[in-house]
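Inspection log for the structure reproduced underneath, given as structure tokens.
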Amino acid sequence: MFDELRPHLVELRKRLGISVASLIIMFFVMFAFHEAILNWMVEPLNIALIEVGKKSVHAADGMITTSQVGGAFFVALKVSFFAAILASIPVILSQIWMFIAPGLYANEKKMVIPFVIGGTTMFLSGVLFAYYVVTPFGFDFLITFGSFKFTPLINIEDYVGFFTKIMFGFGLAFQLPVFAYFLALLGLVNDKQMIAFFKYAIVIIFIVAALLTPPDVLTQLLMAGPLIILYGASILIVKAVNPAKDEDDEDEDDDEEDQEILTKTPSEKE
């Protein structure tokens with residue numbers, strides 16, 4: 001049994017090695033620009049603090065702080081790693097496809113470019129949606145709440161971890177139509193199956209939204225809503241790629257196959 005798994009493990013190690021190498025290279029590249037990337041990451045927070053400052057005299061003293069001696073350095077590392085993952089997504093997706101490619105037909109193996117482009121585009125779309133739509137509402141709500149009593153002192157280490165969690169959550173969530181398309185292309189799922197699973201998908205979506213977003217209803221809805229829409233879009237995509245056959249069509253196909261078997265001569269059957 002182990003001998004059968006050995007080639008797959010070797011291939012997996014190769015693909016992981018290439019992905020990790022890409023991450024390391026991009027990490028050093030992004031570290032040179034970590035200040036600009038960090039400024040981009042904290043901009044929604046700064047805007048929220050400014051808006052809160054207009055509403056409360058206490059919030060005017062709100063600021064971003066660090067609680068560690070080497071806090072700025074560790075933040076730079078986290079920011080660089082976050083940017084390196086975003087930059088390495090095309091490589092990571094291509095390695096995922098190459099790992100499963102040996103089990104595909106020749107025409108399916110050629111879909112690597114659409115898979116990489118589609119996956120990268122949807123991941124970045126999820127990140128941008130989270131950055132420009134979700135975080136402004138979420139941060140404004142979370143920081144404004146109670147600001148008339150407390151002065152917001154935001155720990156930068158906590159904020160960076162919080163920010164990257166939301167970005168990656170939305171990036172992964174936006175992969176749903178891409179994976180649905182390729183699963184349908186491989187014949188692993190059809191539209192009837194996805195429709196039947198919809199009621200369970202709603203529950204899973206809200207659980208995922210609760211785990212990946214701050215503990216407030218607004219941000220959870222801002223994630224769950226697009227996910228439900230994406231699931232609906234995935235159903236349409238799957239229906240176009242691999243529609244479920246009606247029972248009548250399946251019966252006709254079976255009858256045709258039976259008829260072909262009956263009309264074959266004994267030599268043809270052998």
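For the structure tokens, the naming scheme is as follows: chains receive sequential letters (A, B, ...) according to their order of presentation, residues are indexed from 1 within each chain, and ligands are indexed from 1 in presentation order.
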Write out as a ChimeraX atom specification which residues come within 12 Å of range 38-43 of chain A when counting only C-alpha atoms, dropping same-chain ones fewer than 6 positions away.
-> /A:30-32,49-50,63-65,72-73,75-83,127-128,130-132,135-136,139,154-164,166-167
Under the rule of at most 8 Å, produce a per-residue listing of range 129-214 of chain A near range 234-248 of chain A: chain, number, name, the closest pair of atoms, and the distance in Å, as a Markdown table, using only C-alpha atoms.
```
| residue | atom | partner | partner_atom | distance |
| --- | --- | --- | --- | --- |
| A:Leu176 | CA | A:Ser234 | CA | 7.0 |
| A:Pro177 | CA | A:Ser234 | CA | 4.7 |
| A:Ala180 | CA | A:Ser234 | CA | 5.9 |
| A:Tyr181 | CA | A:Val238 | CA | 5.8 |
| A:Ala184 | CA | A:Asn242 | CA | 5.4 |
| A:Leu185 | CA | A:Val241 | CA | 6.1 |
| A:Gly187 | CA | A:Asn242 | CA | 6.6 |
| A:Val189 | CA | A:Asn242 | CA | 7.5 |
| A:Asn190 | CA | A:Ala244 | CA | 5.4 |
| A:Asp191 | CA | A:Lys239 | CA | 4.9 |
| A:Lys192 | CA | A:Ala244 | CA | 6.0 |
| A:Met194 | CA | A:Ile235 | CA | 6.3 |
| A:Ile195 | CA | A:Ile235 | CA | 7.0 |
```
Which of A:Leu5, A:Leu227, A:Ile25, A:Ile89 sits closest to Phe123 in chain A [using only C-alpha atoms] =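 Of the candidates, the smallest distance to Phe123 in chain A is held by A:Ile89.
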Selection near range 102-116 of chain A, 9 Å with only C-alpha atoms, sequence-local residues under 3 positions removed, as a ChimeraX atom specification = /A:89-94,97-99,119-121,178-179,182,185-186
Produce a file of the selected residues containing N, CA and C atoms, as an mmCIF file, in the first residue's frame.
```
data_model
loop_
_atom_site.group_PDB
_atom_site.id
_atom_site.type_symbol
_atom_site.label_atom_id
_atom_site.label_comp_id
_atom_site.auth_asym_id
_atom_site.auth_seq_id
_atom_site.Cartn_x
_atom_site.Cartn_y
_atom_site.Cartn_z
ATOM 1 N N ILE A 89 -0.366 33.452 -5.007
ATOM 2 C CA ILE A 89 -1.587 32.700 -5.296
ATOM 3 C C ILE A 89 -1.562 32.025 -6.672
ATOM 4 N N PRO A 90 -1.120 32.717 -7.742
ATOM 5 C CA PRO A 90 -1.075 32.021 -9.045
ATOM 6 C C PRO A 90 -0.188 30.779 -9.023
ATOM 7 N N VAL A 91 0.951 30.865 -8.351
ATOM 8 C CA VAL A 91 1.858 29.712 -8.266
ATOM 9 C C VAL A 91 1.217 28.589 -7.453
ATOM 10 N N ILE A 92 0.610 28.940 -6.324
ATOM 11 C CA ILE A 92 -0.012 27.928 -5.457
ATOM 12 C C ILE A 92 -1.147 27.221 -6.186
ATOM 13 N N LEU A 93 -1.992 27.985 -6.886
ATOM 14 C CA LEU A 93 -3.102 27.373 -7.624
ATOM 15 C C LEU A 93 -2.598 26.482 -8.756
ATOM 16 N N SER A 94 -1.556 26.921 -9.434
ATOM 17 C CA SER A 94 -0.999 26.099 -10.520
ATOM 18 C C SER A 94 -0.432 24.792 -9.980
ATOM 19 N N TRP A 97 -3.266 22.404 -9.243
ATOM 20 C CA TRP A 97 -3.768 21.793 -10.478
ATOM 21 C C TRP A 97 -2.809 20.726 -11.000
ATOM 22 N N MET A 98 -1.519 21.008 -10.955
ATOM 23 C CA MET A 98 -0.542 20.033 -11.445
ATOM 24 C C MET A 98 -0.515 18.769 -10.596
ATOM 25 N N PHE A 99 -0.874 18.909 -9.310
ATOM 26 C CA PHE A 99 -0.898 17.731 -8.439
ATOM 27 C C PHE A 99 -2.040 16.802 -8.814
ATOM 28 N N GLY A 119 -9.152 31.507 -10.415
ATOM 29 C CA GLY A 119 -8.948 31.430 -8.974
ATOM 30 C C GLY A 119 -8.279 32.671 -8.418
ATOM 31 N N THR A 120 -7.263 33.171 -9.120
ATOM 32 C CA THR A 120 -6.563 34.378 -8.667
ATOM 33 C C THR A 120 -7.485 35.587 -8.699
ATOM 34 N N THR A 121 -8.239 35.716 -9.789
ATOM 35 C CA THR A 121 -9.145 36.855 -9.932
ATOM 36 C C THR A 121 -10.206 36.864 -8.836
ATOM 37 N N VAL A 178 -15.455 29.217 -8.703
ATOM 38 C CA VAL A 178 -14.353 28.613 -9.463
ATOM 39 C C VAL A 178 -14.310 27.108 -9.229
ATOM 40 N N PHE A 179 -14.341 26.703 -7.959
ATOM 41 C CA PHE A 179 -14.287 25.279 -7.660
ATOM 42 C C PHE A 179 -15.551 24.563 -8.116
ATOM 43 N N PHE A 182 -15.150 23.821 -11.906
ATOM 44 C CA PHE A 182 -14.247 22.729 -12.265
ATOM 45 C C PHE A 182 -14.733 21.382 -11.733
ATOM 46 N N LEU A 185 -17.148 20.460 -14.288
ATOM 47 C CA LEU A 185 -16.430 20.084 -15.508
ATOM 48 C C LEU A 185 -15.925 18.651 -15.418
ATOM 49 N N LEU A 186 -15.532 18.241 -14.226
ATOM 50 C CA LEU A 186 -15.044 16.880 -14.016
ATOM 51 C C LEU A 186 -16.194 15.884 -13.786
#
```
Which residue out of A:Pro226, A:Pro152, A:Pro7, A:Gly71 has the minimum interatomic distance to Leu45 in chain A when only C-alpha atoms are used?
-> A:Pro152
List every residue of range 29-132 of chain A that DSSP, applied to the backbone of this structure, assigns to alpha helix (DSSP H), and report them as an MDAnalysis selection string.
-> chainID A and resid 29:31 34:55 71:100 106:109 112:129
If we count only C-alpha atoms, what is near Leu218 in chain A at a cut-off of 10 Å, once residues fewer than 4 positions away on the same chain are taken out, given as JSON, numbers by chain?
-> {"A": [134, 137, 138, 141, 142, 213, 214, 222, 223, 224]}
